[in-house]
Each structure stands twice: as C-alpha cells, then as structure tokens.
Amino acid sequence: MSEPVTDADDFELYRDDWGIPHLRAPDPLRLAYAQGRATALDRAWQLEVERHRSQGSSAAFLGPESVAWDRFARQSRLDDTARRCHEALDAETAAWVGAYVDGVNDGLAAGAARDARFARTGHAPAPWEPWVPLGIWIATHILFAGFATKLWRERVASALGPEATTLFATDGPGTAGSNGWLVPGDRTATGAAIIAGDPHRFIEDPGVYQQIRLSCPEYDVLGLAVPGIPGLAHFGHTGSAAWAITNAMADYQDLYVERLRTAADGASVEALGPDGAWEPVHRHTETIAVAGAEPVEVEVLETARGPVVTREETADQTLSLRYPPRVRRDLGFAVLPALLRARTVADIDRALDGWAEPVNVVHAADTEGGLLHRVAGAVPLRDPANRLRPVPAWDARYAWQGWAETPVEPVQGFAVMANARGIASPLGVEFAPPHRADRIRALLSGSAHWSPKAMEEVHRDTHLASAEPLLALLPGLEGLSPAAEALRTRLLAWDRHMEAESTDATVFSALRTATVRRFAADPALAALAGAPTGPEVFHPWLYLVPRVGYALEGLLATELLPALDRVAHVRAALEETAAAGAPDVPWSHVHRLVPWSALPDPDAEWPGLGGDHDCVNATSSVPGFTDLSARASAARYVWDLGRREDSLWAVPLGADGVAGTAHHRDQLPLWARCELVPVVTDWARLSRESV
C-alpha cells in the first residue's frame, strides 16, 4: 500500500439539507482522497459488499446465496482483469485512483462503526488494494452488455430454428437502460440548454448512485458518483459544461464454443485454436469461503479467447467469454479526471475518445451553446454472427479484427436517448422498443419554454404505448361472456396510463399476465419451457415466462410462430381475468418497489409506484411473473446550463447508506412521486461537518 497523499485535515466536508456531501480540497489528489474518505464514512457496508463481489469473496460473510456470483466472478477473472487494467494506467491517473483508495482506507473503520450490519455478519473491513475501484467498475458492468442473451438466443435457435434467433428481441430482462434528453437553448425559458434523464438499474439499498460535489481550485463539479469509483463517470455538471449517458445497447462481448482436451502430460488442458493447433489453457483452482457452509472449490480456466464461464460434460457447452477490458487492459479510467476538468463540449468530446467500458450514448452541452450527441466505448470489429450466438473458437472467421468507430450525430432539435434504435444501431442487435423515446419527443414538442422544474412532468409520464397491440385484439373477440364484455369495454376506454392511483392499470396488468402465461404454455414454445441449466448467474436470461412478458408486443405480431393462436389466447385470458374478478385496487397497491439488498431487512416497507417497463417513468415489473418493481430509475437529474444552481436531482433512497439515519431514505417519498430536490451550490447554505 502507498503512503496516504493527505489526511482529514487537508479537506473540508459540507452537507446540504439532504445530507449530500460537498467536498473542498486544495488540489485534485487531496480531493480524490476526500471523496474516498467521505464515501467510506457514508457507505462503508456498500463499499465492502462491492469490493468482495468484484473479488468473488462475498459469500464469506453473506452466505451460500452469494456463491453463484462469486463463482462467476472468479471464473471470469474480474479481479485479475482489474489488476491488469490498473498496471496499464498512466502514472497520473494511477496516483489519482490511489488517492481515492487511501481515503477509503482511512474512512472504513469509522464508517463501519456506524453500521450494524458489520456486527451482524461478523465482517471486518480490510484495506483496499489500489485496483479495487477498477474491479468494482468491471463487476458492475460485466453483465451490462447482456452477453447472457446469446445463451438464450442459442436455446431459441435450437428449439425453433435459426430464423427465430431474435424472436424475443427486446430490452429485458436486462440490467441496464436509461432515458436521456437534451433540450437546446432555443427551446428553454433561459436560452441555455437543459440535459435531463434517469439511468434504469436494479434498485439497491444503499443506492447505486451517490449525489456529490467535488471542488478544488482546478474545478468545481457536482454529479452522480458510483460508490467505490473516483470522479463522476456518468453524470456531471462543471458549471460551464455538463454531460449524461445512457446505455448504448451495443454488443461488445462474445461467447466462444471451446473444444478442450487433456494434454499429453495428463494434467494440463488444451484448447483447439483457430489455426487448427491445440493451445495451452491457463488452469488453476480457487476456494470460495462460505459463511455457515463448507467452502466451494472453483476451477478457473482461460483460453486464448478468454475465461471459461461455463463448462459442461459436452464440448459444445464449454464457453469462454471475450470482453474488451481483458483484451485491452483498459477501462478508460483516464477519462474520469479529464471530465472533471472539462469546461466545454469540446473538452468532454476529447476526453470521451478514450472511453472504453461500458459503451454509452452521451449528451453534453455547455454555456457557449455547444451540444454533443455521440457514442463512447470500445466495440470490437468481428463477424456479424458473433453478435447473435456463441461461435466456434477454432474458426478464424470469428476472431476480433480491431475496433469500431463510435458514431456521432449533430443535435437538430431535441436529442433523445432511451435505448432505442438510433445513433448506436450499427453497434448492437437488440434495442428497446421506441415507445419511451417517442413519448419523450412528443412531450418535449409541447413547449418551447422548458424550465428545469417542468422536466419533472417528463420524468413522471406513465403512458404505456406497448399496451396497444394487446388492446387492439379486444374489439374483434366474439362470443364473450357478459363479464368479459364488460371488462373489454372498460379496458378499451382506459387512457393507457399506468398511474399510481389507476385501477384500470391494475386490470390491464392482470390481463397481460394471463396472456403471457397462456403464450408461455403454448405447445409452440414447449421446447423453451424447461428449467434453465448451466451457471445460476445466467438463469435470469433463460426463463421463458419473463422472456415472453418482455417480448409480448412482438409476439402478438410475429409471423415466425404460425401455430400460435394469439386471438384464442387473448380471448381466454380476458375470460380468465373477468372470471377471477377484476382487481379493483390502485396500480400502486400491487406495483411496489422491492430493492435488492445484500442483507435484506424483512420489516422494511417500500412504496407503491406508478409507471411500467415501457413508460418514461420506467418502473419495471416482470409481465407474467410479478407486478413488483425491482428495476427503475436509480437516479433522476436535470442539468441547467443557464444557472447550475437551478439544477435538480433525486435518488431512490438518500445520501446516507446506513439504515435508520436521517438521510438514508429521506428522498424516497419524493422519488416515488418523480419529484426532485434542488442542487445547492452556495457554500454559505451548507453545514460544515467535522472529519
């Protein structure tokens, strides 16, 4: 470990009325230290959970339920990749990351003393190694590009034929997605641009984004940090420039089918390479400690393509994962301090040329009228088949051939990004339906005098355009019972808004659930209905009912399943819903938030929500499985380029990661209503805190 670059006397910690940390230090290194220390004070438990998840050691204090993830983390070599990426950092960036780590290490003990979860689990924090932030970043995003979807497509192709490979294409059941929009100054009340949006992730307790301000003589930036990572990677406002991202839905991770054999020495393993020769395979064994259970041994294999993430008895089920950070030894971390120093859109654009992981669509604007809409990140050039399914490792046709150019487009009118096809289309396969993007554009077109406060209405919108294909089948149904007739009349009169207080929204969801389950039970899909096999971490991508639920809109129209009698299923679902008695309760009574927590509180009560998967207010349920919402806006923001102090933001829980404290859940009621809290920039309105 390095000697700390500073100590607690070298920075100042202030907080606003929401407990949000505002940090001030004499230089960037001491400010990075301050960010690490303040984060450890507020979120020690979260930092330790994320560190151990990146290292594949979380089961040591969280127990057997964490073994599946730990096994995957070790087999995919997340921590080793982080070390390699750290070794490749330039000296200036390495020192900056190191200062952050020093701050974390100096704050962990005090932070742990605030949080009873350490005592409950018997876990004591240990000093971080310099590469831990890079490991957390990799672990956070390794499933972001959805390479596990290729396992599902392989299953679909095997069951229904290659032409059906993308039959279930849709944004789900993914871990990523976002809304974002840029309103140029000619459409705002102040004449300056506004950037707004919200990243969609699984909601966690503590929250995955941290509101924070970082100030030193070189810069004064506020934004949303990822706890455990220095700087503001995704969302920031420097005063004269601001940026925000959404997931580009790019495909940049590949699965290779490996042919392995035992080498002549009887102990080592070889893989068949693309030149027809047998190549050596890295092989070792690791042990996962498990609280309350026996340790688990894990075999770690790596071919020339990448780490083996699934290995079955048959060779065609042995798959290696090739992902850019391991190939390039680069995450783009040098971009992070460059973004903090950005003064213009040109500065942001130049910095993002070095971005690598994950691949994002970016909006940026500055006070001089500069606007930016581009993609940033590393996407390999390779055969189109790589994007769809696992490909044979022994065929040179499927090798990577360099890196794709990242698209950029001029901003003409509003720029909207909502994971739909658009600027990033050349880089991906599956994108979100256009409903969120189209709805945002329609809402923005309704005014030429937008203000930051008015953006709450865009965030709050609950119109569900994806309901239309299902509802469009109702008028043609014949021979309905009186109860089903009445239900049809009611649903056709519904305004298609998933409002929190709407009982019609609840009724529609009940019909949708019945329809999804009937589709999933149809003999045409029987070959896909079995329980998933292989590593447990991939199972969420491999269940049929959620896949049907998210892809229902397409399945209602596709010609690829001629034996699927859609009208009969919808008619039966309508009768079933009517016979069960329409669930006349507000949508928010059944559509409740259920955050993930490493150590759940069984007595916690969570609010009901409006919105749904394809609404701008994207509070995702799993159609056909549950109305509960585990994935939603992990933060909301409005960056005003006219007056930064008029900007707004909110997170699902609060600034403090310790349960029961004043600022642990104080933003939750506002967030549930899509309301935002003011950004404070006046130091005189902040309270200084002893550190």
# chains A, B, ... in the order shown; residues from 1 in each chain; ligands from 1

call {"tool": "residues_around", "arguments": {"residues": "segment 403-411 of chain A", "least_positions_apart": "5", "cutoff": "9 Å", "atoms": "only C-alpha atoms", "output": "mmCIF file with all heavy atoms, in the first residue's frame"}}
result
data_model
loop_
_atom_site.group_PDB
_atom_site.id
_atom_site.type_symbol
_atom_site.label_atom_id
_atom_site.label_comp_id
_atom_site.auth_asym_id
_atom_site.auth_seq_id
_atom_site.Cartn_x
_atom_site.Cartn_y
_atom_site.Cartn_z
ATOM 1 N N LEU A 182 -31.803 16.052 -24.331
ATOM 2 C CA LEU A 182 -31.085 17.321 -24.382
ATOM 3 C C LEU A 182 -31.994 18.323 -25.091
ATOM 4 O O LEU A 182 -32.389 18.103 -26.233
ATOM 5 C CB LEU A 182 -29.769 17.140 -25.132
ATOM 6 C CG LEU A 182 -28.752 18.286 -25.128
ATOM 7 C CD1 LEU A 182 -27.387 17.762 -25.572
ATOM 8 C CD2 LEU A 182 -29.157 19.425 -26.063
ATOM 9 N N PRO A 184 -32.062 22.022 -26.499
ATOM 10 C CA PRO A 184 -31.213 23.176 -26.822
ATOM 11 C C PRO A 184 -31.806 24.479 -26.286
ATOM 12 O O PRO A 184 -32.999 24.558 -25.950
ATOM 13 C CB PRO A 184 -31.171 23.174 -28.348
ATOM 14 C CG PRO A 184 -31.544 21.788 -28.748
ATOM 15 C CD PRO A 184 -32.501 21.320 -27.709
ATOM 16 N N ASP A 353 -13.089 10.275 -26.167
ATOM 17 C CA ASP A 353 -12.397 9.475 -27.172
ATOM 18 C C ASP A 353 -11.616 8.340 -26.527
ATOM 19 O O ASP A 353 -11.333 7.328 -27.180
ATOM 20 C CB ASP A 353 -11.448 10.343 -28.000
ATOM 21 C CG ASP A 353 -12.181 11.215 -29.012
ATOM 22 O OD1 ASP A 353 -13.341 10.908 -29.343
ATOM 23 O OD2 ASP A 353 -11.589 12.217 -29.451
ATOM 24 N N LEU A 371 -23.171 21.641 -28.209
ATOM 25 C CA LEU A 371 -24.029 20.477 -27.993
ATOM 26 C C LEU A 371 -23.312 19.241 -28.530
ATOM 27 O O LEU A 371 -22.574 19.310 -29.516
ATOM 28 C CB LEU A 371 -25.369 20.634 -28.710
ATOM 29 C CG LEU A 371 -26.210 21.867 -28.354
ATOM 30 C CD1 LEU A 371 -27.415 21.958 -29.285
ATOM 31 C CD2 LEU A 371 -26.667 21.820 -26.897
ATOM 32 N N LEU A 372 -23.553 18.103 -27.897
ATOM 33 C CA LEU A 372 -22.882 16.867 -28.305
ATOM 34 C C LEU A 372 -23.831 15.686 -28.136
ATOM 35 O O LEU A 372 -24.526 15.564 -27.126
ATOM 36 C CB LEU A 372 -21.632 16.626 -27.450
ATOM 37 C CG LEU A 372 -20.839 15.342 -27.725
ATOM 38 C CD1 LEU A 372 -20.187 15.401 -29.107
ATOM 39 C CD2 LEU A 372 -19.783 15.116 -26.640
ATOM 40 N N HIS A 373 -23.850 14.822 -29.170
ATOM 41 C CA HIS A 373 -24.607 13.567 -29.131
ATOM 42 C C HIS A 373 -23.734 12.526 -29.804
ATOM 43 O O HIS A 373 -23.541 12.559 -31.028
ATOM 44 C CB HIS A 373 -25.936 13.752 -29.872
ATOM 45 C CG HIS A 373 -26.830 12.548 -29.836
ATOM 46 N ND1 HIS A 373 -27.860 12.363 -30.728
ATOM 47 C CD2 HIS A 373 -26.862 11.468 -29.018
ATOM 48 C CE1 HIS A 373 -28.488 11.233 -30.455
ATOM 49 N NE2 HIS A 373 -27.887 10.665 -29.430
ATOM 50 N N ARG A 374 -23.167 11.612 -29.013
ATOM 51 C CA ARG A 374 -22.215 10.661 -29.560
ATOM 52 C C ARG A 374 -22.262 9.351 -28.790
ATOM 53 O O ARG A 374 -22.894 9.245 -27.738
ATOM 54 C CB ARG A 374 -20.789 11.217 -29.511
ATOM 55 C CG ARG A 374 -20.254 11.436 -28.107
ATOM 56 C CD ARG A 374 -18.735 11.605 -28.086
ATOM 57 N NE ARG A 374 -18.054 10.368 -28.424
ATOM 58 C CZ ARG A 374 -16.724 10.247 -28.512
ATOM 59 N NH1 ARG A 374 -15.954 11.321 -28.308
ATOM 60 N NH2 ARG A 374 -16.174 9.089 -28.805
ATOM 61 N N VAL A 375 -21.576 8.350 -29.325
ATOM 62 C CA VAL A 375 -21.359 7.087 -28.632
ATOM 63 C C VAL A 375 -19.914 7.052 -28.166
ATOM 64 O O VAL A 375 -19.014 7.541 -28.867
ATOM 65 C CB VAL A 375 -21.664 5.892 -29.555
ATOM 66 C CG1 VAL A 375 -21.374 4.572 -28.840
ATOM 67 C CG2 VAL A 375 -23.112 5.937 -30.030
ATOM 68 N N ALA A 376 -19.675 6.483 -26.991
ATOM 69 C CA ALA A 376 -18.315 6.349 -26.468
ATOM 70 C C ALA A 376 -18.135 4.939 -25.924
ATOM 71 O O ALA A 376 -19.007 4.434 -25.200
ATOM 72 C CB ALA A 376 -18.055 7.382 -25.376
ATOM 73 N N GLY A 377 -17.008 4.323 -26.252
ATOM 74 C CA GLY A 377 -16.720 2.999 -25.728
ATOM 75 C C GLY A 377 -16.085 2.101 -26.760
ATOM 76 O O GLY A 377 -15.980 2.441 -27.948
ATOM 77 N N ALA A 378 -15.633 0.932 -26.306
ATOM 78 C CA ALA A 378 -14.874 0.006 -27.142
ATOM 79 C C ALA A 378 -15.762 -1.125 -27.637
ATOM 80 O O ALA A 378 -16.270 -1.920 -26.842
ATOM 81 C CB ALA A 378 -13.699 -0.570 -26.354
ATOM 82 N N VAL A 379 -15.942 -1.198 -28.962
ATOM 83 C CA VAL A 379 -16.733 -2.253 -29.596
ATOM 84 C C VAL A 379 -15.847 -2.944 -30.624
ATOM 85 O O VAL A 379 -15.333 -2.297 -31.539
ATOM 86 C CB VAL A 379 -17.987 -1.688 -30.286
ATOM 87 C CG1 VAL A 379 -18.771 -2.812 -30.965
ATOM 88 C CG2 VAL A 379 -18.862 -0.953 -29.292
ATOM 89 N N PRO A 380 -15.648 -4.258 -30.506
ATOM 90 C CA PRO A 380 -14.771 -4.942 -31.459
ATOM 91 C C PRO A 380 -15.409 -5.104 -32.825
ATOM 92 O O PRO A 380 -16.627 -5.232 -32.961
ATOM 93 C CB PRO A 380 -14.551 -6.312 -30.804
ATOM 94 C CG PRO A 380 -15.778 -6.527 -29.976
ATOM 95 C CD PRO A 380 -16.166 -5.164 -29.471
ATOM 96 N N LEU A 381 -14.558 -5.106 -33.844
ATOM 97 C CA LEU A 381 -14.981 -5.469 -35.198
ATOM 98 C C LEU A 381 -14.820 -6.971 -35.349
ATOM 99 O O LEU A 381 -13.749 -7.526 -35.083
ATOM 100 C CB LEU A 381 -14.119 -4.748 -36.233
ATOM 101 C CG LEU A 381 -14.254 -3.221 -36.302
ATOM 102 C CD1 LEU A 381 -13.156 -2.641 -37.180
ATOM 103 C CD2 LEU A 381 -15.629 -2.819 -36.820
ATOM 104 N N ARG A 382 -15.896 -7.650 -35.780
ATOM 105 C CA ARG A 382 -15.840 -9.091 -35.987
ATOM 106 C C ARG A 382 -17.025 -9.519 -36.824
ATOM 107 O O ARG A 382 -17.867 -8.696 -37.195
ATOM 108 C CB ARG A 382 -15.780 -9.856 -34.668
ATOM 109 C CG ARG A 382 -17.067 -9.894 -33.839
ATOM 110 C CD ARG A 382 -17.244 -8.666 -33.035
ATOM 111 N NE ARG A 382 -18.087 -8.943 -31.852
ATOM 112 C CZ ARG A 382 -18.986 -8.111 -31.374
ATOM 113 N NH1 ARG A 382 -19.180 -6.942 -31.946
ATOM 114 N NH2 ARG A 382 -19.693 -8.430 -30.316
ATOM 115 N N ILE A 423 -28.644 6.316 -32.897
ATOM 116 C CA ILE A 423 -27.235 6.576 -33.146
ATOM 117 C C ILE A 423 -26.351 5.344 -32.962
ATOM 118 O O ILE A 423 -25.361 5.166 -33.659
ATOM 119 C CB ILE A 423 -26.753 7.746 -32.243
ATOM 120 C CG1 ILE A 423 -25.346 8.174 -32.623
ATOM 121 C CG2 ILE A 423 -26.857 7.381 -30.780
ATOM 122 C CD1 ILE A 423 -24.886 9.424 -31.901
ATOM 123 N N ALA A 424 -26.724 4.446 -32.036
ATOM 124 C CA ALA A 424 -25.882 3.281 -31.765
ATOM 125 C C ALA A 424 -26.297 2.039 -32.540
ATOM 126 O O ALA A 424 -25.723 0.967 -32.334
ATOM 127 C CB ALA A 424 -25.896 2.974 -30.263
ATOM 128 N N PRO A 426 -25.646 0.730 -35.438
ATOM 129 C CA PRO A 426 -24.635 -0.112 -36.091
ATOM 130 C C PRO A 426 -23.851 -0.995 -35.126
ATOM 131 O O PRO A 426 -23.151 -1.906 -35.571
ATOM 132 C CB PRO A 426 -23.712 0.917 -36.764
ATOM 133 C CG PRO A 426 -24.505 2.164 -36.868
ATOM 134 C CD PRO A 426 -25.401 2.165 -35.680
ATOM 135 N N LEU A 427 -23.962 -0.731 -33.831
ATOM 136 C CA LEU A 427 -23.120 -1.414 -32.857
ATOM 137 C C LEU A 427 -23.848 -2.498 -32.075
ATOM 138 O O LEU A 427 -23.228 -3.180 -31.248
ATOM 139 C CB LEU A 427 -22.542 -0.399 -31.857
ATOM 140 C CG LEU A 427 -21.776 0.781 -32.463
ATOM 141 C CD1 LEU A 427 -21.304 1.719 -31.363
ATOM 142 C CD2 LEU A 427 -20.597 0.292 -33.302
#

call {"tool": "select_by_dssp", "arguments": {"residues": "segment 107-315 of chain A", "states": "strand (DSSP E or B)", "output": "NGL selection string"}}
result
:A and (177-183 or 188 or 194-202 or 204 or 210-216 or 219-225 or 235-237 or 241-247 or 250 or 254-257 or 260-262 or 269-272 or 278-288 or 296-302 or 307-310)

call {"tool": "closest_residue", "arguments": {"among": "A:Asn360, A:Ser502, A:Thr619, A:Thr577", "to": "Ala483 of chain A", "atoms": "only C-alpha atoms"}}
result
A:Thr577

call {"tool": "residues_around", "arguments": {"residues": "segment 14-18 of chain A", "least_positions_apart": "3", "cutoff": "8 Å", "atoms": "only C-alpha atoms", "output": "number ranges by chain"}}
result
A: 21-23, 654-655, 663, 666-667, 680, 685-689

call {"tool": "residues_around", "arguments": {"residues": "Asn105 of chain A", "least_positions_apart": "4", "cutoff": "7 Å", "atoms": "only C-alpha atoms", "output": "list in words"}}
result
Val101, Pro127 and Trp128 of chain A

call {"tool": "closest_residue", "arguments": {"among": "A:Glu430, A:Asp102, A:Glu154, A:Asp366", "to": "Thr344 of chain A", "atoms": "only C-alpha atoms"}}
result
A:Asp366

call {"tool": "atom_distance", "arguments": {"atom1": "atom CA of Val429 of chain A", "atom2": "atom CA of Ile142 of chain A"}}
result
17.6 Å

call {"tool": "closest_atom_pairs", "arguments": {"of": "segment 367-469 of chain A", "to": "segment 537-551 of chain A", "cutoff": "12 Å", "atoms": "only C-alpha atoms", "output": "CSV"}}
result
residue,atom,partner,partner_atom,distance
A:Glu430,CA,A:Ala551,CA,11.4
A:Phe431,CA,A:Ala551,CA,11.6
A:Ala432,CA,A:Tyr550,CA,10.2
A:Pro433,CA,A:Ala551,CA,9.7
A:Ser466,CA,A:Tyr550,CA,10.1
A:Ala467,CA,A:Tyr550,CA,11.7
A:Pro469,CA,A:Ala551,CA,11.7

call {"tool": "atom_distance", "arguments": {"atom1": "atom CA of Pro162 of chain A", "atom2": "atom CA of Pro384 of chain A"}}
result
14.2 Å

call {"tool": "select_by_dssp", "arguments": {"residues": "segment 291-458 of chain A", "states": "alpha helix (DSSP H)", "output": "PyMOL selection string"}}
result
chain A and resi 324-328+335-340+345-352+435-444+455-458

call {"tool": "closest_residue", "arguments": {"among": "A:Thr188, A:Thr503, A:Ser178, A:Ser158", "to": "Gly413 of chain A", "atoms": "only C-alpha atoms"}}
result
A:Thr188

call {"tool": "residues_around", "arguments": {"residues": "Ala159 of chain A", "least_positions_apart": "6", "cutoff": "10 Å", "atoms": "only C-alpha atoms", "output": "PDB file with C-alpha atoms, in the first residue's frame"}}
result
ATOM      1  CA  ARG A 153     -30.738 -16.995 -28.473  1.00  0.00           C
ATOM      2  CA  THR A 165     -32.927 -16.406 -33.142  1.00  0.00           C
ATOM      3  CA  ALA A 524     -45.303 -23.912 -29.941  1.00  0.00           C
ATOM      4  CA  LEU A 525     -42.944 -22.771 -27.170  1.00  0.00           C
ATOM      5  CA  ALA A 526     -42.803 -26.024 -25.208  1.00  0.00           C
ATOM      6  CA  ALA A 527     -39.166 -26.647 -26.107  1.00  0.00           C
ATOM      7  CA  LEU A 528     -38.223 -23.422 -24.306  1.00  0.00           C
TER       8      LEU A 528
END

call {"tool": "closest_atom_pairs", "arguments": {"of": "segment 115-161 of chain A", "to": "segment 81-84 of chain A", "cutoff": "9 Å", "atoms": "only C-alpha atoms", "output": "tab-separated table"}}
result
residue	atom	partner	partner_atom	distance
A:Pro130	CA	A:Arg83	CA	8.5
A:Trp131	CA	A:Arg83	CA	5.6
A:Val132	CA	A:Ala82	CA	7.2
A:Pro133	CA	A:Ala82	CA	8.3
A:Leu134	CA	A:Ala82	CA	5.2
A:Gly135	CA	A:Ala82	CA	4.7
A:Ile136	CA	A:Ala82	CA	8.4
A:Trp137	CA	A:Ala82	CA	8.7
A:Ile138	CA	A:Ala82	CA	7.2

call {"tool": "atom_distance", "arguments": {"atom1": "atom CA of Ala486 of chain A", "atom2": "atom CA of Gly608 of chain A"}}
result
27.4 Å

call {"tool": "residues_around", "arguments": {"residues": "His459 of chain A", "least_positions_apart": "5", "cutoff": "7 Å", "atoms": "only C-alpha atoms", "output": "JSON, numbers by chain"}}
result
{"A": [616, 617, 674]}

call {"tool": "write_last_selection", "arguments": {"atoms": "all heavy atoms", "output": "mmCIF file, in the first residue's frame"}}
result
data_model
loop_
_atom_site.group_PDB
_atom_site.id
_atom_site.type_symbol
_atom_site.label_atom_id
_atom_site.label_comp_id
_atom_site.auth_asym_id
_atom_site.auth_seq_id
_atom_site.Cartn_x
_atom_site.Cartn_y
_atom_site.Cartn_z
ATOM 1 N N VAL A 616 -42.028 6.252 -19.749
ATOM 2 C CA VAL A 616 -40.897 7.114 -19.408
ATOM 3 C C VAL A 616 -40.554 6.921 -17.935
ATOM 4 O O VAL A 616 -39.383 6.807 -17.559
ATOM 5 C CB VAL A 616 -41.226 8.587 -19.717
ATOM 6 C CG1 VAL A 616 -40.058 9.490 -19.325
ATOM 7 C CG2 VAL A 616 -41.554 8.766 -21.201
ATOM 8 N N ASN A 617 -41.574 6.888 -17.084
ATOM 9 C CA ASN A 617 -41.404 6.519 -15.684
ATOM 10 C C ASN A 617 -41.252 5.004 -15.640
ATOM 11 O O ASN A 617 -42.196 4.257 -15.379
ATOM 12 C CB ASN A 617 -42.606 6.980 -14.863
ATOM 13 C CG ASN A 617 -42.450 6.698 -13.388
ATOM 14 O OD1 ASN A 617 -41.398 6.277 -12.928
ATOM 15 N ND2 ASN A 617 -43.516 6.926 -12.633
ATOM 16 N N CYS A 674 -41.724 11.070 -8.463
ATOM 17 C CA CYS A 674 -40.936 11.701 -9.534
ATOM 18 C C CYS A 674 -40.709 13.181 -9.264
ATOM 19 O O CYS A 674 -40.679 14.002 -10.203
ATOM 20 C CB CYS A 674 -41.587 11.496 -10.892
ATOM 21 S SG CYS A 674 -41.592 9.781 -11.424
#

call {"tool": "closest_residue", "arguments": {"among": "A:Gln210, A:Asn179, A:Gln35, A:Gln46", "to": "Trp596 of chain A", "atoms": "only C-alpha atoms"}}
result
A:Gln46

call {"tool": "residues_around", "arguments": {"residues": "segment 277-285 of chain A", "least_positions_apart": "6", "cutoff": "10 Å", "atoms": "only C-alpha atoms", "output": "VMD selection string"}}
result
chain A and resid 74 to 75 259 to 263 267 to 271 297 to 304 306 to 308 394

call {"tool": "closest_residue", "arguments": {"among": "A:Phe144, A:Trp96, A:Phe118, A:Phe235", "to": "Ile348 of chain A", "atoms": "only C-alpha atoms"}}
result
A:Phe235
